[in-house]
>>> print(open('input-v4.cif').read())   # mmCIF, N, CA and C atoms
data_run
#
loop_
_atom_site.label_atom_id
_atom_site.label_comp_id
_atom_site.auth_asym_id
_atom_site.auth_seq_id
_atom_site.Cartn_x
_atom_site.Cartn_y
_atom_site.Cartn_z
N LYS A 25 19.86 60.16 -19.80
CA LYS A 25 19.00 60.45 -18.66
C LYS A 25 19.87 60.77 -17.46
N HIS A 26 19.32 61.58 -16.56
CA HIS A 26 20.04 61.97 -15.36
C HIS A 26 19.35 61.40 -14.13
N ILE A 27 20.15 60.95 -13.19
CA ILE A 27 19.62 60.52 -11.90
C ILE A 27 19.91 61.65 -10.92
N VAL A 28 18.84 62.23 -10.39
CA VAL A 28 18.95 63.37 -9.48
C VAL A 28 19.05 62.86 -8.05
N LEU A 29 19.98 63.45 -7.29
CA LEU A 29 20.08 63.10 -5.88
C LEU A 29 20.45 64.33 -5.07
N THR A 30 20.24 64.24 -3.76
CA THR A 30 20.54 65.33 -2.84
C THR A 30 21.94 65.14 -2.27
N PRO A 31 22.53 66.20 -1.70
CA PRO A 31 23.86 66.04 -1.09
C PRO A 31 23.95 64.91 -0.05
N PRO A 32 22.99 64.76 0.89
CA PRO A 32 23.15 63.66 1.84
C PRO A 32 23.12 62.29 1.16
N GLU A 33 22.29 62.14 0.13
CA GLU A 33 22.27 60.88 -0.61
C GLU A 33 23.62 60.64 -1.28
N ALA A 34 24.16 61.69 -1.90
CA ALA A 34 25.45 61.58 -2.59
C ALA A 34 26.55 61.20 -1.60
N LEU A 35 26.56 61.85 -0.46
CA LEU A 35 27.61 61.60 0.54
C LEU A 35 27.50 60.19 1.11
N PHE A 36 26.29 59.76 1.39
CA PHE A 36 26.08 58.40 1.90
C PHE A 36 26.55 57.37 0.87
N LEU A 37 26.14 57.56 -0.38
CA LEU A 37 26.51 56.62 -1.43
C LEU A 37 28.03 56.59 -1.65
N LEU A 38 28.66 57.76 -1.72
CA LEU A 38 30.12 57.81 -1.90
C LEU A 38 30.83 57.13 -0.74
N GLY A 39 30.33 57.34 0.48
CA GLY A 39 30.93 56.68 1.64
C GLY A 39 30.84 55.17 1.56
N MET A 40 29.70 54.66 1.12
CA MET A 40 29.54 53.21 0.98
C MET A 40 30.43 52.66 -0.12
N ILE A 41 30.55 53.40 -1.21
CA ILE A 41 31.42 52.96 -2.31
C ILE A 41 32.86 52.90 -1.83
N GLU A 42 33.29 53.90 -1.06
CA GLU A 42 34.65 53.90 -0.50
C GLU A 42 34.85 52.73 0.46
N THR A 43 33.88 52.51 1.34
CA THR A 43 33.97 51.43 2.33
C THR A 43 34.14 50.08 1.65
N CYS A 44 33.48 49.90 0.51
CA CYS A 44 33.56 48.64 -0.22
C CYS A 44 34.79 48.55 -1.12
N GLY A 45 35.56 49.64 -1.21
CA GLY A 45 36.77 49.62 -2.01
C GLY A 45 36.56 49.79 -3.51
N PHE A 46 35.41 50.35 -3.91
CA PHE A 46 35.09 50.49 -5.33
C PHE A 46 35.22 51.92 -5.84
N ARG A 47 35.71 52.85 -5.04
CA ARG A 47 35.68 54.27 -5.43
C ARG A 47 36.39 54.52 -6.76
N PHE A 48 37.58 53.97 -6.94
CA PHE A 48 38.32 54.21 -8.18
C PHE A 48 37.58 53.63 -9.38
N ALA A 49 37.11 52.40 -9.27
CA ALA A 49 36.41 51.74 -10.38
C ALA A 49 35.13 52.48 -10.75
N VAL A 50 34.38 52.93 -9.75
CA VAL A 50 33.14 53.66 -10.00
C VAL A 50 33.43 55.01 -10.62
N SER A 51 34.48 55.68 -10.13
CA SER A 51 34.86 56.98 -10.68
C SER A 51 35.25 56.85 -12.16
N MET A 52 35.99 55.82 -12.48
CA MET A 52 36.39 55.58 -13.87
C MET A 52 35.16 55.29 -14.74
N ALA A 53 34.24 54.49 -14.24
CA ALA A 53 33.02 54.18 -14.99
C ALA A 53 32.19 55.44 -15.20
N ALA A 54 32.14 56.31 -14.19
CA ALA A 54 31.37 57.55 -14.30
C ALA A 54 31.96 58.50 -15.33
N CYS A 55 33.27 58.44 -15.51
CA CYS A 55 33.95 59.32 -16.48
C CYS A 55 33.91 58.76 -17.90
N SER A 56 33.51 57.51 -18.06
CA SER A 56 33.52 56.89 -19.38
C SER A 56 32.34 57.39 -20.22
N THR A 57 32.38 57.08 -21.48
CA THR A 57 31.29 57.47 -22.39
C THR A 57 30.27 56.35 -22.57
N VAL A 58 30.43 55.26 -21.83
CA VAL A 58 29.50 54.14 -21.92
C VAL A 58 28.15 54.57 -21.36
N LYS A 59 27.08 54.25 -22.10
CA LYS A 59 25.73 54.60 -21.65
C LYS A 59 25.35 53.78 -20.43
N GLY A 60 24.41 54.31 -19.69
CA GLY A 60 23.89 53.59 -18.53
C GLY A 60 24.52 54.04 -17.23
N CYS A 61 24.01 53.51 -16.18
CA CYS A 61 24.46 53.88 -14.84
C CYS A 61 25.82 53.27 -14.53
N PRO A 62 26.76 54.06 -14.02
CA PRO A 62 28.09 53.54 -13.69
C PRO A 62 28.10 52.58 -12.50
N LEU A 63 26.97 52.45 -11.81
CA LEU A 63 26.91 51.53 -10.67
C LEU A 63 26.50 50.12 -11.08
N LEU A 64 26.13 49.95 -12.35
CA LEU A 64 25.70 48.63 -12.80
C LEU A 64 26.88 47.74 -13.15
N ASP A 65 26.76 46.46 -12.82
CA ASP A 65 27.80 45.52 -13.22
C ASP A 65 27.52 45.05 -14.64
N LYS A 66 28.33 44.13 -15.15
CA LYS A 66 28.18 43.69 -16.54
C LYS A 66 26.86 42.98 -16.80
N ALA A 67 26.27 42.42 -15.75
CA ALA A 67 24.98 41.74 -15.89
C ALA A 67 23.80 42.71 -15.78
N GLY A 68 24.10 43.98 -15.51
CA GLY A 68 23.05 44.99 -15.40
C GLY A 68 22.48 45.15 -14.00
N ASN A 69 23.13 44.53 -13.01
CA ASN A 69 22.67 44.64 -11.62
C ASN A 69 23.40 45.77 -10.90
N CYS A 70 22.70 46.46 -10.04
CA CYS A 70 23.31 47.56 -9.28
C CYS A 70 24.21 47.00 -8.18
N ARG A 71 25.46 47.42 -8.19
CA ARG A 71 26.42 46.97 -7.17
C ARG A 71 26.08 47.52 -5.79
N PHE A 72 25.35 48.61 -5.75
CA PHE A 72 25.03 49.27 -4.49
C PHE A 72 23.52 49.41 -4.32
N TYR A 73 22.81 48.36 -4.69
CA TYR A 73 21.35 48.36 -4.69
C TYR A 73 20.77 48.81 -3.34
N ALA A 74 21.30 48.30 -2.25
CA ALA A 74 20.78 48.64 -0.92
C ALA A 74 21.03 50.10 -0.56
N HIS A 75 21.95 50.75 -1.25
CA HIS A 75 22.34 52.13 -0.93
C HIS A 75 22.04 53.09 -2.08
N ARG A 76 21.24 52.67 -3.03
CA ARG A 76 20.96 53.48 -4.22
C ARG A 76 20.18 54.75 -3.85
N PRO A 77 20.30 55.78 -4.67
CA PRO A 77 19.58 57.03 -4.42
C PRO A 77 18.06 56.84 -4.44
N LEU A 78 17.36 57.77 -3.81
CA LEU A 78 15.89 57.71 -3.79
C LEU A 78 15.30 57.74 -5.19
N MET A 79 15.91 58.49 -6.11
CA MET A 79 15.38 58.56 -7.47
C MET A 79 15.41 57.18 -8.13
N CYS A 80 16.44 56.40 -7.86
CA CYS A 80 16.50 55.04 -8.41
C CYS A 80 15.38 54.18 -7.81
N ARG A 81 15.09 54.41 -6.54
CA ARG A 81 14.02 53.66 -5.87
C ARG A 81 12.65 54.08 -6.41
N ALA A 82 12.55 55.32 -6.87
CA ALA A 82 11.27 55.86 -7.32
C ALA A 82 10.81 55.26 -8.65
N PHE A 83 11.75 54.86 -9.48
CA PHE A 83 11.39 54.33 -10.79
C PHE A 83 11.09 52.85 -10.68
N HIS A 84 9.82 52.56 -10.57
CA HIS A 84 9.33 51.20 -10.43
C HIS A 84 8.29 50.99 -11.52
N SER A 85 8.50 49.98 -12.32
CA SER A 85 7.57 49.72 -13.41
C SER A 85 6.93 48.36 -13.23
N LEU A 86 5.70 48.24 -13.64
CA LEU A 86 5.01 46.96 -13.62
C LEU A 86 5.09 46.28 -14.98
N ASP A 87 5.80 46.90 -15.93
CA ASP A 87 5.94 46.37 -17.28
C ASP A 87 7.30 45.68 -17.40
N VAL A 88 7.32 44.38 -17.14
CA VAL A 88 8.57 43.62 -17.14
C VAL A 88 9.27 43.68 -18.48
N GLU A 89 8.53 43.58 -19.57
CA GLU A 89 9.14 43.59 -20.90
C GLU A 89 9.81 44.93 -21.19
N ALA A 90 9.18 46.01 -20.80
CA ALA A 90 9.79 47.34 -21.00
C ALA A 90 11.08 47.46 -20.21
N CYS A 91 11.10 46.92 -19.01
CA CYS A 91 12.32 46.96 -18.18
C CYS A 91 13.44 46.15 -18.82
N ARG A 92 13.10 45.01 -19.39
CA ARG A 92 14.13 44.18 -20.04
C ARG A 92 14.80 44.93 -21.19
N LYS A 93 14.05 45.79 -21.86
CA LYS A 93 14.61 46.56 -22.98
C LYS A 93 15.55 47.65 -22.50
N GLY A 94 15.43 48.04 -21.26
CA GLY A 94 16.36 49.02 -20.70
C GLY A 94 15.80 50.41 -20.57
N VAL A 95 16.03 51.01 -19.43
CA VAL A 95 15.58 52.37 -19.17
C VAL A 95 16.44 53.35 -19.93
N GLY A 96 15.83 54.10 -20.81
CA GLY A 96 16.54 55.16 -21.52
C GLY A 96 17.55 54.70 -22.56
N VAL A 97 17.74 53.41 -22.72
CA VAL A 97 18.70 52.91 -23.70
C VAL A 97 18.07 53.04 -25.08
N ASP A 98 18.78 53.65 -25.98
CA ASP A 98 18.29 53.86 -27.35
C ASP A 98 16.92 54.54 -27.38
N GLY A 99 16.67 55.41 -26.42
CA GLY A 99 15.43 56.17 -26.41
C GLY A 99 14.23 55.43 -25.87
N ASN A 100 14.41 54.20 -25.37
CA ASN A 100 13.28 53.46 -24.81
C ASN A 100 12.78 54.14 -23.54
N GLU A 101 11.49 54.25 -23.42
CA GLU A 101 10.88 54.80 -22.21
C GLU A 101 10.19 53.66 -21.48
N VAL A 102 10.43 53.57 -20.19
CA VAL A 102 9.79 52.55 -19.38
C VAL A 102 8.69 53.22 -18.57
N PRO A 103 7.45 52.73 -18.67
CA PRO A 103 6.37 53.33 -17.89
C PRO A 103 6.60 53.09 -16.40
N ILE A 104 6.37 54.11 -15.60
CA ILE A 104 6.56 53.96 -14.16
C ILE A 104 5.21 53.93 -13.46
N TRP A 105 5.21 53.41 -12.26
CA TRP A 105 4.01 53.39 -11.43
C TRP A 105 4.02 54.67 -10.62
N TYR A 106 3.16 55.63 -10.96
CA TYR A 106 3.22 56.97 -10.38
C TYR A 106 3.11 57.01 -8.85
N PRO A 107 2.22 56.24 -8.20
CA PRO A 107 2.17 56.34 -6.73
C PRO A 107 3.52 56.03 -6.07
N HIS A 108 4.22 55.06 -6.58
CA HIS A 108 5.54 54.70 -6.06
C HIS A 108 6.52 55.86 -6.28
N PHE A 109 6.50 56.43 -7.46
CA PHE A 109 7.36 57.56 -7.81
C PHE A 109 7.08 58.75 -6.89
N ALA A 110 5.80 59.03 -6.66
CA ALA A 110 5.41 60.17 -5.82
C ALA A 110 5.90 60.01 -4.38
N ILE A 111 5.87 58.80 -3.86
CA ILE A 111 6.33 58.57 -2.49
C ILE A 111 7.81 58.92 -2.37
N TYR A 112 8.63 58.40 -3.25
CA TYR A 112 10.08 58.62 -3.14
C TYR A 112 10.48 60.05 -3.45
N THR A 113 9.81 60.69 -4.40
CA THR A 113 10.15 62.08 -4.67
C THR A 113 9.70 62.98 -3.51
N SER A 114 8.62 62.60 -2.82
CA SER A 114 8.20 63.36 -1.63
C SER A 114 9.20 63.19 -0.50
N ILE A 115 9.72 61.99 -0.32
CA ILE A 115 10.75 61.76 0.70
C ILE A 115 11.98 62.60 0.38
N GLN A 116 12.39 62.60 -0.88
CA GLN A 116 13.56 63.38 -1.28
C GLN A 116 13.33 64.87 -1.03
N ALA A 117 12.14 65.36 -1.33
CA ALA A 117 11.81 66.77 -1.09
C ALA A 117 11.81 67.09 0.40
N GLY A 118 11.32 66.16 1.22
CA GLY A 118 11.31 66.36 2.66
C GLY A 118 12.71 66.42 3.24
N ILE A 119 13.59 65.56 2.77
CA ILE A 119 14.99 65.58 3.20
C ILE A 119 15.61 66.93 2.85
N ALA A 120 15.39 67.36 1.62
CA ALA A 120 15.95 68.64 1.18
C ALA A 120 15.43 69.79 2.04
N ARG A 121 14.15 69.80 2.31
CA ARG A 121 13.59 70.89 3.12
C ARG A 121 14.18 70.91 4.53
N GLY A 122 14.33 69.75 5.13
CA GLY A 122 14.90 69.69 6.48
C GLY A 122 16.30 70.25 6.53
N PHE A 123 17.13 69.91 5.58
CA PHE A 123 18.50 70.42 5.56
C PHE A 123 18.55 71.90 5.19
N LEU A 124 17.66 72.32 4.29
CA LEU A 124 17.59 73.75 3.95
C LEU A 124 17.23 74.58 5.18
N GLU A 125 16.30 74.07 5.99
CA GLU A 125 15.91 74.78 7.21
C GLU A 125 17.06 74.88 8.21
N ARG A 126 18.02 74.00 8.10
CA ARG A 126 19.22 74.03 8.95
C ARG A 126 20.32 74.90 8.33
N GLY A 127 20.02 75.49 7.17
CA GLY A 127 20.97 76.40 6.54
C GLY A 127 21.99 75.75 5.62
N LEU A 128 21.79 74.47 5.30
CA LEU A 128 22.73 73.78 4.41
C LEU A 128 22.28 73.91 2.96
N LYS A 129 23.24 73.93 2.07
CA LYS A 129 22.95 74.02 0.64
C LYS A 129 22.40 72.68 0.16
N MET A 130 21.36 72.74 -0.65
CA MET A 130 20.71 71.52 -1.14
C MET A 130 20.50 71.57 -2.65
N PRO A 131 21.57 71.68 -3.43
CA PRO A 131 21.38 71.67 -4.88
C PRO A 131 20.96 70.29 -5.36
N LYS A 132 20.27 70.26 -6.49
CA LYS A 132 19.97 68.99 -7.13
C LYS A 132 21.25 68.55 -7.82
N LEU A 133 21.66 67.32 -7.57
CA LEU A 133 22.92 66.80 -8.11
C LEU A 133 22.67 65.72 -9.14
N ASP A 134 23.59 65.60 -10.09
CA ASP A 134 23.55 64.58 -11.13
C ASP A 134 24.48 63.44 -10.69
N LEU A 135 23.95 62.23 -10.67
CA LEU A 135 24.70 61.08 -10.16
C LEU A 135 26.06 60.89 -10.83
N ARG A 136 26.11 60.94 -12.15
CA ARG A 136 27.36 60.63 -12.85
C ARG A 136 28.49 61.58 -12.44
N PRO A 137 28.30 62.91 -12.45
CA PRO A 137 29.39 63.79 -11.98
C PRO A 137 29.72 63.60 -10.50
N VAL A 138 28.72 63.26 -9.69
CA VAL A 138 29.00 62.99 -8.27
C VAL A 138 29.95 61.81 -8.16
N LEU A 139 29.66 60.75 -8.90
CA LEU A 139 30.50 59.55 -8.82
C LEU A 139 31.89 59.76 -9.39
N SER A 140 32.06 60.76 -10.24
CA SER A 140 33.39 61.02 -10.81
C SER A 140 34.25 61.89 -9.90
N MET A 141 33.68 62.40 -8.81
CA MET A 141 34.45 63.23 -7.88
C MET A 141 35.52 62.38 -7.19
N GLU A 142 36.69 62.95 -6.99
CA GLU A 142 37.80 62.19 -6.42
C GLU A 142 38.08 62.53 -4.96
N VAL A 143 37.41 63.53 -4.42
CA VAL A 143 37.63 63.94 -3.03
C VAL A 143 36.99 62.90 -2.12
N PRO A 144 37.69 62.46 -1.06
CA PRO A 144 37.12 61.48 -0.13
C PRO A 144 35.80 61.97 0.48
N ALA A 145 34.87 61.06 0.68
CA ALA A 145 33.55 61.40 1.20
C ALA A 145 33.63 62.11 2.55
N GLU A 146 34.55 61.72 3.40
CA GLU A 146 34.67 62.35 4.72
C GLU A 146 34.96 63.85 4.59
N ILE A 147 35.81 64.22 3.65
CA ILE A 147 36.12 65.64 3.43
C ILE A 147 34.90 66.36 2.85
N LEU A 148 34.21 65.71 1.92
CA LEU A 148 33.00 66.30 1.34
C LEU A 148 31.95 66.54 2.42
N TRP A 149 31.78 65.56 3.33
CA TRP A 149 30.84 65.73 4.45
C TRP A 149 31.22 66.97 5.26
N ASP A 150 32.49 67.09 5.63
CA ASP A 150 32.94 68.22 6.45
C ASP A 150 32.66 69.56 5.77
N VAL A 151 33.00 69.66 4.50
CA VAL A 151 32.79 70.91 3.76
C VAL A 151 31.29 71.24 3.71
N TRP A 152 30.47 70.24 3.41
CA TRP A 152 29.03 70.47 3.29
C TRP A 152 28.41 70.86 4.63
N LEU A 153 28.77 70.14 5.70
CA LEU A 153 28.19 70.43 7.02
C LEU A 153 28.63 71.78 7.57
N GLU A 154 29.75 72.31 7.07
CA GLU A 154 30.22 73.64 7.48
C GLU A 154 29.59 74.74 6.62
N GLY A 155 28.65 74.37 5.74
CA GLY A 155 27.94 75.35 4.93
C GLY A 155 28.53 75.57 3.55
N GLY A 156 29.56 74.81 3.21
CA GLY A 156 30.18 74.93 1.89
C GLY A 156 29.40 74.17 0.83
N ASP A 157 29.86 74.26 -0.39
CA ASP A 157 29.21 73.58 -1.51
C ASP A 157 30.27 72.77 -2.28
N PRO A 158 30.54 71.54 -1.81
CA PRO A 158 31.56 70.74 -2.48
C PRO A 158 31.10 70.11 -3.80
N PHE A 159 29.86 70.38 -4.20
CA PHE A 159 29.29 69.71 -5.37
C PHE A 159 29.09 70.63 -6.57
N VAL A 160 29.87 71.68 -6.67
CA VAL A 160 29.70 72.65 -7.77
C VAL A 160 29.73 71.95 -9.13
N THR A 161 30.62 71.00 -9.31
CA THR A 161 30.76 70.33 -10.61
C THR A 161 29.66 69.31 -10.88
N ALA A 162 28.85 68.98 -9.87
CA ALA A 162 27.81 67.97 -10.04
C ALA A 162 26.40 68.54 -10.03
N ARG A 163 26.29 69.86 -9.96
CA ARG A 163 24.96 70.49 -9.91
C ARG A 163 24.20 70.28 -11.21
N MET A 164 22.89 70.10 -11.07
CA MET A 164 22.01 70.01 -12.24
C MET A 164 21.66 71.44 -12.67
N GLY A 165 21.69 71.69 -13.96
CA GLY A 165 21.27 72.95 -14.55
C GLY A 165 21.61 74.11 -13.75
#
>>> encode(input="input-v4.cif", output="structure tokens")
Amino acid sequence: KHIVLTPPEALFLLGMIETCGFRFAVSMAACSTVKGCPLLDKAGNCRFYAHRPLMCRAFHSLDVEACRKGVGVDGNEVPIWYPHFAIYTSIQAGIARGFLERGLKMPKLDLRPVLSMEVPAEILWDVWLEGGDPFVTARMG
């Protein structure tokens, strides 16, 4: 499964990961073949829960047992609560539209390739705000 995020979400998350000193460890986890999100610790908790992408916030299920089995692990599907999903995807679309209207590139990005990028977030911010596209390797489809 892919976690889709926008450039500002990616830049914010990468900046927080750098600030906490986890950039190398997260990059290595993102490059590994281990299933699951590279932001999860061994207990399955998100290390950057407060700073997670909107798509992660959108997936909210009321089925506790389905969640315990794992999202997307071994093909398991976890039912989501659609109103919650719609709110966060609308917020993400609104963010994208606002930046597009300012002339900035807003490709849909895949979390794992974003996290494997080695360029410092500050440089990525500068390139993106100047109209460049520092996320070529992380673009979805």
>>> axis_aligned_box(input="input-v4.cif", around="range 49-62 of chain A", padding_each_side="5 Å", output="lines of an AutoDock Vina configuration file")
center_x = 30.5
center_y = 55.5
center_z = -15.9
size_x = 23.2
size_y = 17.6
size_z = 23.3
>>> resolve_selection(input="input-v4.cif", expression="the PyMOL selection byres ((chain A and resi 106-108) around 8)", output="list in words")
Arg81, Ala82, Phe83, His84, Ser85, Pro103, Ile104, Trp105, Phe109, Ala110, Ile111, Tyr112, Thr113 and Ser114 of chain A
>>> resolve_selection(input="input-v4.cif", expression="the PyMOL selection byres ((chain A and resi 135) around 6)", output="short mmCIF file (atom, residue, chain, number, x, y, z; two decimals) with N, CA and C atoms, in the coordinates of the input")
data_model
loop_
_atom_site.label_atom_id
_atom_site.label_comp_id
_atom_site.auth_asym_id
_atom_site.auth_seq_id
_atom_site.Cartn_x
_atom_site.Cartn_y
_atom_site.Cartn_z
N HIS A 26 19.32 61.58 -16.56
CA HIS A 26 20.04 61.97 -15.36
C HIS A 26 19.35 61.40 -14.13
N ILE A 27 20.15 60.95 -13.19
CA ILE A 27 19.62 60.52 -11.90
C ILE A 27 19.91 61.65 -10.92
N VAL A 28 18.84 62.23 -10.39
CA VAL A 28 18.95 63.37 -9.48
C VAL A 28 19.05 62.86 -8.05
N LEU A 29 19.98 63.45 -7.29
CA LEU A 29 20.08 63.10 -5.88
C LEU A 29 20.45 64.33 -5.07
N LEU A 133 21.66 67.32 -7.57
CA LEU A 133 22.92 66.80 -8.11
C LEU A 133 22.67 65.72 -9.14
N ASP A 134 23.59 65.60 -10.09
CA ASP A 134 23.55 64.58 -11.13
C ASP A 134 24.48 63.44 -10.69
N ARG A 136 26.11 60.94 -12.15
CA ARG A 136 27.36 60.63 -12.85
C ARG A 136 28.49 61.58 -12.44
N PRO A 137 28.30 62.91 -12.45
CA PRO A 137 29.39 63.79 -11.98
C PRO A 137 29.72 63.60 -10.50
N VAL A 138 28.72 63.26 -9.69
CA VAL A 138 29.00 62.99 -8.27
C VAL A 138 29.95 61.81 -8.16
N LEU A 139 29.66 60.75 -8.90
CA LEU A 139 30.50 59.55 -8.82
C LEU A 139 31.89 59.76 -9.39
#
>>> resolve_selection(input="input-v4.cif", expression="the PyMOL selection byres ((chain A and resi 47-61) around 6.5)", output="VMD selection string")
chain A and resid 41 to 42 44 to 46 62 to 64 136 to 137 139 to 141
>>> select_by_dssp(input="input-v4.cif", residues="chain A", states="strand (DSSP E)", output="list in words")
Val28, Leu29, Leu133 and Asp134 of chain A
>>> write_last_selection(input="input-v4.cif", atoms="N, CA and C atoms", output="PDB file, keeping the file's coordinate frame")
ATOM      1  N   VAL A  28      18.840  62.230 -10.390  1.00  0.00           N
ATOM      2  CA  VAL A  28      18.950  63.370  -9.480  1.00  0.00           C
ATOM      3  C   VAL A  28      19.050  62.860  -8.050  1.00  0.00           C
ATOM      4  N   LEU A  29      19.980  63.450  -7.290  1.00  0.00           N
ATOM      5  CA  LEU A  29      20.080  63.100  -5.880  1.00  0.00           C
ATOM      6  C   LEU A  29      20.450  64.330  -5.070  1.00  0.00           C
ATOM      7  N   LEU A 133      21.660  67.320  -7.570  1.00  0.00           N
ATOM      8  CA  LEU A 133      22.920  66.800  -8.110  1.00  0.00           C
ATOM      9  C   LEU A 133      22.670  65.720  -9.140  1.00  0.00           C
ATOM     10  N   ASP A 134      23.590  65.600 -10.090  1.00  0.00           N
ATOM     11  CA  ASP A 134      23.550  64.580 -11.130  1.00  0.00           C
ATOM     12  C   ASP A 134      24.480  63.440 -10.690  1.00  0.00           C
TER      13      ASP A 134
END
>>> residues_around(input="input-v4.cif", residues="range 146-153 of chain A", least_positions_apart="3", cutoff="6.5 Å", atoms="only N, CA and C atoms", output="list in words")
Leu35, Gly39, Leu128, Val143, Gly156, Asp157 and Pro158 of chain A
>>> atom_distance(input="input-v4.cif", atom1="atom N of Cys70 in chain A", atom2="atom C of Met40 in chain A")
14.0 Å
>>> closest_residue(input="input-v4.cif", among="A:Ala74, A:Gly165, A:Ile115, A:Val102", to="Leu37 in chain A", atoms="only C-alpha atoms")
A:Ala74
>>> atom_distance(input="input-v4.cif", atom1="atom C of Pro77 in chain A", atom2="atom C of Ala162 in chain A")
15.4 Å
>>> atom_distance(input="input-v4.cif", atom1="CA of Glu154 in chain A", atom2="CA of Thr43 in chain A")
23.1 Å
